[in-house]
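With compact mmCIF, C-alpha atoms inside, this is data08.txt:
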# COMPACT_ATOMS: atom_id res chain seq x y z
CA MET E 103 0.00 0.00 0.00
CA THR E 104 1.31 3.43 -0.93
CA LYS E 105 0.45 6.52 1.11
CA ILE E 106 1.06 9.95 -0.36
CA ILE E 107 1.68 13.21 1.50
CA GLY E 108 0.48 16.27 -0.32
CA ASP E 109 -1.70 16.62 -3.38
CA PRO E 110 -1.51 13.37 -5.39
CA ASN E 111 -2.72 15.29 -8.46
CA LEU E 112 0.24 17.70 -8.35
CA PRO E 113 2.60 16.79 -11.19
CA LEU E 114 6.05 15.72 -10.03
CA GLY E 115 9.18 17.43 -11.28
CA PRO E 116 10.06 21.01 -12.08
CA SER E 117 7.52 23.61 -10.97
CA GLY E 118 8.75 26.31 -13.33
CA ASP E 119 9.35 28.89 -10.61
CA PHE E 120 12.13 30.01 -8.28
CA PRO E 121 10.41 30.30 -4.88
CA GLN E 122 13.61 31.45 -3.12
CA GLY E 123 15.17 33.22 -6.08
CA LYS E 124 18.12 31.58 -7.83
CA LEU E 125 20.36 29.98 -5.20
CA GLY E 126 23.23 29.62 -7.66
CA PRO E 127 24.07 29.57 -11.36
CA ASP E 128 23.05 25.90 -11.64
CA ASP E 129 19.70 26.37 -9.84
CA GLU E 130 16.99 24.87 -12.06
CA GLY E 131 14.06 26.16 -10.00
CA GLY E 132 11.38 24.66 -7.81
CA LEU E 133 10.59 20.97 -7.67
CA ASN E 134 7.36 19.18 -6.79
CA VAL E 135 8.17 16.13 -4.64
CA GLN E 136 6.09 13.30 -3.15
CA ILE E 137 7.04 11.57 0.10
CA THR E 138 5.37 8.18 0.42
CA ASP E 139 5.81 4.85 2.11
CA LYS E 140 5.46 1.57 0.30
CA ASP E 141 6.20 -1.98 1.41
CA GLY E 142 8.27 -0.86 4.40
CA ALA E 143 10.34 1.73 2.53
CA VAL E 144 10.22 5.52 2.56
CA VAL E 145 10.06 6.72 -1.03
CA LEU E 146 10.92 10.23 -2.25
CA ALA E 147 9.73 10.79 -5.80
CA PHE E 148 11.24 13.80 -7.57
CA GLY E 149 9.86 13.24 -11.06
CA ALA E 150 13.13 14.40 -12.66
CA PRO E 151 16.87 13.90 -12.29
CA VAL E 152 18.02 16.01 -9.32
CA THR E 153 21.58 17.12 -8.56
CA TRP E 154 20.78 19.07 -5.38
CA ILE E 155 17.91 20.64 -3.50
CA GLY E 156 17.89 23.76 -1.35
CA MET E 157 15.22 25.26 0.89
CA PRO E 158 14.80 27.68 3.79
CA PRO E 159 15.51 26.22 7.26
CA ALA E 160 11.82 26.04 8.27
CA GLN E 161 10.95 24.13 5.10
CA ALA E 162 13.94 21.81 5.61
CA ILE E 163 12.65 20.98 9.10
CA GLU E 164 9.16 20.19 7.73
CA PHE E 165 10.70 18.09 4.94
CA ALA E 166 12.72 16.10 7.49
CA LYS E 167 9.65 15.67 9.72
CA LEU E 168 7.65 14.27 6.79
CA ILE E 169 10.41 11.76 6.07
CA MET E 170 10.56 10.74 9.75
CA TYR E 171 6.74 10.45 9.85
CA ARG E 172 6.81 8.16 6.82
CA ALA E 173 9.59 6.15 8.51
CA GLY E 174 7.23 5.46 11.42
CA ALA E 175 8.05 8.19 13.95
CA LYS E 176 5.06 8.80 16.21
CA LYS E 177 6.27 11.98 17.89
CA ILE E 178 8.77 14.42 16.46
CA THR E 179 10.14 17.26 18.56
CA VAL E 180 12.34 19.98 17.09
CA ILE E 181 14.18 22.34 19.39
CA LEU E 182 15.87 25.35 17.80
Could the structure of this file be written out as structure tokens, please?
Amino acid sequence: MTKIIGDPNLPLGPSGDFPQGKLGPDDEGGLNVQITDKDGAVVLAFGAPVTWIGMPPAQAIEFAKLIMYRAGAKKITVIL
């Protein structure tokens, strides 16, 4: 069974925008990602080849929490 976080109708891959501005000369813009779990594995689907990703700290924390949630964490506490 696969469970999807976020809008399952959102197309994966490049979003066509630069939500944080260009973070470098090789920045290719935003990326729609799905975080799922299937058959005991956490699956991150990018929809395109990805060299690197960058995001603001608050978004990085939420991204990490979603991965931990899909890995089975019941309670996640972040102290900054």
- Message: List the spatial neighbours of Gly118 (chain E) as a ChimeraX atom specification - criterion: any atom at most 10 Å away, all atoms listed in the file, same-chain residues fewer than 3 positions off excluded.
- Response: /E:115,121,130-134
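Within the 10 Å cut-off around Asp129 (chain E), using all atoms listed in the file and omitting residues fewer than 3 positions from it on the same chain, the listed residues are Phe120, Gly123, Lys124, Leu125, Gly126, Gly132, Thr153, Trp154, Ile155 and Gly156 of chain E.
Shell of region 159-166 of chain E at 12 Å, with only C-alpha atoms counted and residues fewer than 4 places along the chain excluded, is Ile107, Gly108, Pro121, Gln122, Val135, Gln136, Ile137, Val144, Leu146, Ile155, Met170, Tyr171, Arg172, Ala173, Ala175, Ile178, Thr179, Val180, Ile181 and Leu182 of chain E.
Distance-wise, CA of Lys140 (chain E) and CA of Ser117 (chain E) end up 24.8 Å apart.
Reported to one decimal place, the separation of CA of Pro127 (chain E) from CA of Val152 (chain E) is 15.0 Å.
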- What is the CA of Lys177 (chain E)-CA of Phe148 (chain E) distance in Å, reported with one decimal? 26.0 Å
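In this comparison, which uses all atoms listed in the file, the residue of E:Asp128, E:Lys167, E:Met157, E:Gly149 approaching Leu112 (chain E) most closely is E:Gly149.
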